[in-house]
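Reading through the structure tokens given below for one structure.
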Amino acid sequence: MRRLPRSLLCAGLGGGALLVVAAVVDPPCREAGPPLRADAALVLSGDVDELRTKRAVALVLAGEARHLVLTGSQRMVGGDSALTLARTARAAGVAPERILCETESRSTRENVTLARPLLQAYGLRRVALV
């Protein structure tokens, strides 16, 4: 898999954030190794089949990420809004206080732009993009 420069990855969330990219496919392609240590697992909208949400839930339940941050407006087509994905996460066992939702974004750009203040407000600096 081609690696992106760290400066490019950090640019999306601001220079102060460290973005840890967890590649997620079915099955997950992350090789075994030391556990991922992230403040949050970030799932951008567009997860219609909920595979990325389920992988992020697994990271939270395994203690590899403390919070689950979900993005996406309910005005989107496809049923994958942050609130819909949050229901899936709660049903899978993630405590409601560990789930943060950004509910205004309607594009990938807005997902990242509007998630940034939420991440900053909770002091979440190490973010696994799932």
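Just so we're on the same page: first chain in the structure tokens is A, next is B, and so on; residues restart at 1 for each chain, and ligands are numbered from 1 in the order they show up.
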
Within 9 Å of Leu70 (chain A), counting only C-alpha atoms, which residues show up once you throw out same-chain ones fewer than 4 positions away? Write them as JSON, numbers by chain, please.
-> {"A": [41, 42, 43, 44, 45, 53, 81, 82, 83, 85, 86, 99, 100, 101, 102, 103, 111, 115]}

Next, write the just-selected residues to a file, as a tab-separated table (two decimals), in the first residue's frame, keeping all heavy atoms as the atom set.
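Final output, saved to again_0.tsv:
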```
chain	number	residue	atom	x	y	z
A	41	ALA	N	-11.05	6.47	17.14
A	41	ALA	CA	-11.20	5.87	15.82
A	41	ALA	C	-12.23	6.74	15.10
A	41	ALA	O	-13.34	6.92	15.60
A	41	ALA	CB	-11.68	4.43	15.93
A	42	LEU	N	-11.84	7.29	13.96
A	42	LEU	CA	-12.70	8.21	13.21
A	42	LEU	C	-13.26	7.51	11.98
A	42	LEU	O	-12.50	7.01	11.15
A	42	LEU	CB	-11.88	9.44	12.80
A	42	LEU	CG	-12.54	10.45	11.86
A	42	LEU	CD1	-13.77	11.07	12.51
A	42	LEU	CD2	-11.54	11.52	11.46
A	43	VAL	N	-14.59	7.48	11.88
A	43	VAL	CA	-15.27	6.89	10.73
A	43	VAL	C	-15.98	8.01	9.98
A	43	VAL	O	-16.86	8.66	10.52
A	43	VAL	CB	-16.28	5.81	11.15
A	43	VAL	CG1	-16.98	5.23	9.93
A	43	VAL	CG2	-15.61	4.71	11.95
A	44	LEU	N	-15.57	8.22	8.74
A	44	LEU	CA	-16.22	9.21	7.89
A	44	LEU	C	-17.49	8.62	7.29
A	44	LEU	O	-17.58	7.41	7.10
A	44	LEU	CB	-15.28	9.67	6.78
A	44	LEU	CG	-13.91	10.17	7.22
A	44	LEU	CD1	-13.09	10.59	6.02
A	44	LEU	CD2	-14.03	11.30	8.23
A	45	SER	N	-18.46	9.47	6.99
A	45	SER	CA	-19.70	8.96	6.40
A	45	SER	C	-19.38	8.30	5.06
A	45	SER	O	-18.31	8.46	4.51
A	45	SER	CB	-20.71	10.09	6.22
A	45	SER	OG	-20.22	11.06	5.33
A	53	THR	N	-17.37	0.98	10.33
A	53	THR	CA	-17.88	1.20	11.68
A	53	THR	C	-17.62	-0.02	12.55
A	53	THR	O	-17.17	0.10	13.69
A	53	THR	CB	-19.38	1.52	11.64
A	53	THR	OG1	-19.58	2.71	10.88
A	53	THR	CG2	-19.95	1.71	13.03
A	81	SER	N	-25.70	7.97	8.36
A	81	SER	CA	-25.42	9.17	9.15
A	81	SER	C	-24.72	8.77	10.44
A	81	SER	O	-24.73	7.60	10.86
A	81	SER	CB	-26.73	9.89	9.49
A	81	SER	OG	-27.47	9.15	10.45
A	82	ALA	N	-24.11	9.75	11.09
A	82	ALA	CA	-23.43	9.50	12.35
A	82	ALA	C	-24.37	8.87	13.37
A	82	ALA	O	-23.99	7.94	14.10
A	82	ALA	CB	-22.83	10.79	12.89
A	83	LEU	N	-25.60	9.34	13.42
A	83	LEU	CA	-26.55	8.82	14.41
A	83	LEU	C	-26.94	7.37	14.11
A	83	LEU	O	-27.10	6.56	15.02
A	83	LEU	CB	-27.78	9.72	14.47
A	83	LEU	CG	-27.50	11.16	14.94
A	83	LEU	CD1	-28.78	11.99	14.91
A	83	LEU	CD2	-26.85	11.17	16.31
A	85	LEU	N	-24.99	5.18	12.51
A	85	LEU	CA	-23.80	4.39	12.82
A	85	LEU	C	-23.60	4.27	14.33
A	85	LEU	O	-23.13	3.24	14.82
A	85	LEU	CB	-22.57	4.99	12.14
A	85	LEU	CG	-22.63	5.04	10.60
A	85	LEU	CD1	-21.39	5.75	10.05
A	85	LEU	CD2	-22.80	3.66	9.99
A	86	ALA	N	-23.99	5.31	15.08
A	86	ALA	CA	-23.88	5.26	16.54
A	86	ALA	C	-24.78	4.17	17.12
A	86	ALA	O	-24.40	3.49	18.08
A	86	ALA	CB	-24.21	6.62	17.15
A	99	ILE	N	-18.86	7.42	22.44
A	99	ILE	CA	-19.25	7.72	21.06
A	99	ILE	C	-19.49	9.22	20.91
A	99	ILE	O	-20.28	9.81	21.65
A	99	ILE	CB	-20.52	6.95	20.67
A	99	ILE	CG1	-20.31	5.44	20.83
A	99	ILE	CG2	-20.94	7.30	19.24
A	99	ILE	CD1	-21.58	4.62	20.69
A	100	LEU	N	-18.80	9.81	19.95
A	100	LEU	CA	-18.98	11.23	19.63
A	100	LEU	C	-19.49	11.33	18.20
A	100	LEU	O	-18.96	10.65	17.32
A	100	LEU	CB	-17.66	11.99	19.77
A	100	LEU	CG	-16.97	11.86	21.14
A	100	LEU	CD1	-15.61	12.54	21.09
A	100	LEU	CD2	-17.84	12.46	22.23
A	101	CYS	N	-20.49	12.17	17.98
A	101	CYS	CA	-21.08	12.29	16.64
A	101	CYS	C	-20.98	13.71	16.11
A	101	CYS	O	-21.31	14.66	16.81
A	101	CYS	CB	-22.55	11.88	16.68
A	101	CYS	SG	-22.81	10.14	17.05
A	102	GLU	N	-20.56	13.82	14.89
A	102	GLU	CA	-20.57	15.07	14.13
A	102	GLU	C	-21.70	14.89	13.13
A	102	GLU	O	-21.63	14.01	12.29
A	102	GLU	CB	-19.20	15.28	13.46
A	102	GLU	CG	-19.13	16.52	12.59
A	102	GLU	CD	-19.88	16.37	11.29
A	102	GLU	OE1	-19.60	15.42	10.54
A	102	GLU	OE2	-20.78	17.21	11.03
A	103	THR	N	-22.73	15.71	13.22
A	103	THR	CA	-23.97	15.43	12.48
A	103	THR	C	-24.34	16.46	11.41
A	103	THR	O	-25.47	16.46	10.94
A	103	THR	CB	-25.15	15.30	13.46
A	103	THR	OG1	-25.28	16.54	14.17
A	103	THR	CG2	-24.94	14.16	14.43
A	111	ASN	N	-16.73	16.16	6.46
A	111	ASN	CA	-16.52	15.18	7.53
A	111	ASN	C	-15.27	15.54	8.33
A	111	ASN	O	-15.29	15.62	9.56
A	111	ASN	CB	-16.31	13.76	6.98
A	111	ASN	CG	-17.54	13.12	6.38
A	111	ASN	OD1	-17.41	12.19	5.59
A	111	ASN	ND2	-18.72	13.56	6.73
A	115	ALA	N	-15.21	17.47	11.93
A	115	ALA	CA	-14.76	16.58	13.01
A	115	ALA	C	-13.63	17.22	13.82
A	115	ALA	O	-13.49	16.95	15.01
A	115	ALA	CB	-14.31	15.23	12.45
```

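We find CA of Asp49 (chain A) and CA of Thr84 (chain A) to be spaced 11.7 Å apart.
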
Between CA of Glu64 (chain A) and CA of Tyr122 (chain A) - distance in Å to one decimal = 17.2 Å

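The protein and nucleic acid residues lying at most 12 Å from Gly63 (chain A) are Pro35, Leu36, Arg37, Ala38, Asp39, Ala40, Ala41, Ala56, Val57, Ala58, Leu68, Val94 and Arg98 of chain A, with only C-alpha atoms considered and sequence neighbours fewer than 5 positions away removed.
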
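Put simply, CA of Leu119 (chain A) is 22.3 Å away from CA of Leu51 (chain A).
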
Pick from A:Val112, A:Asp80, A:His67, A:Ala89 nearest to Lys54 (chain A), counting only C-alpha atoms | A:Ala89
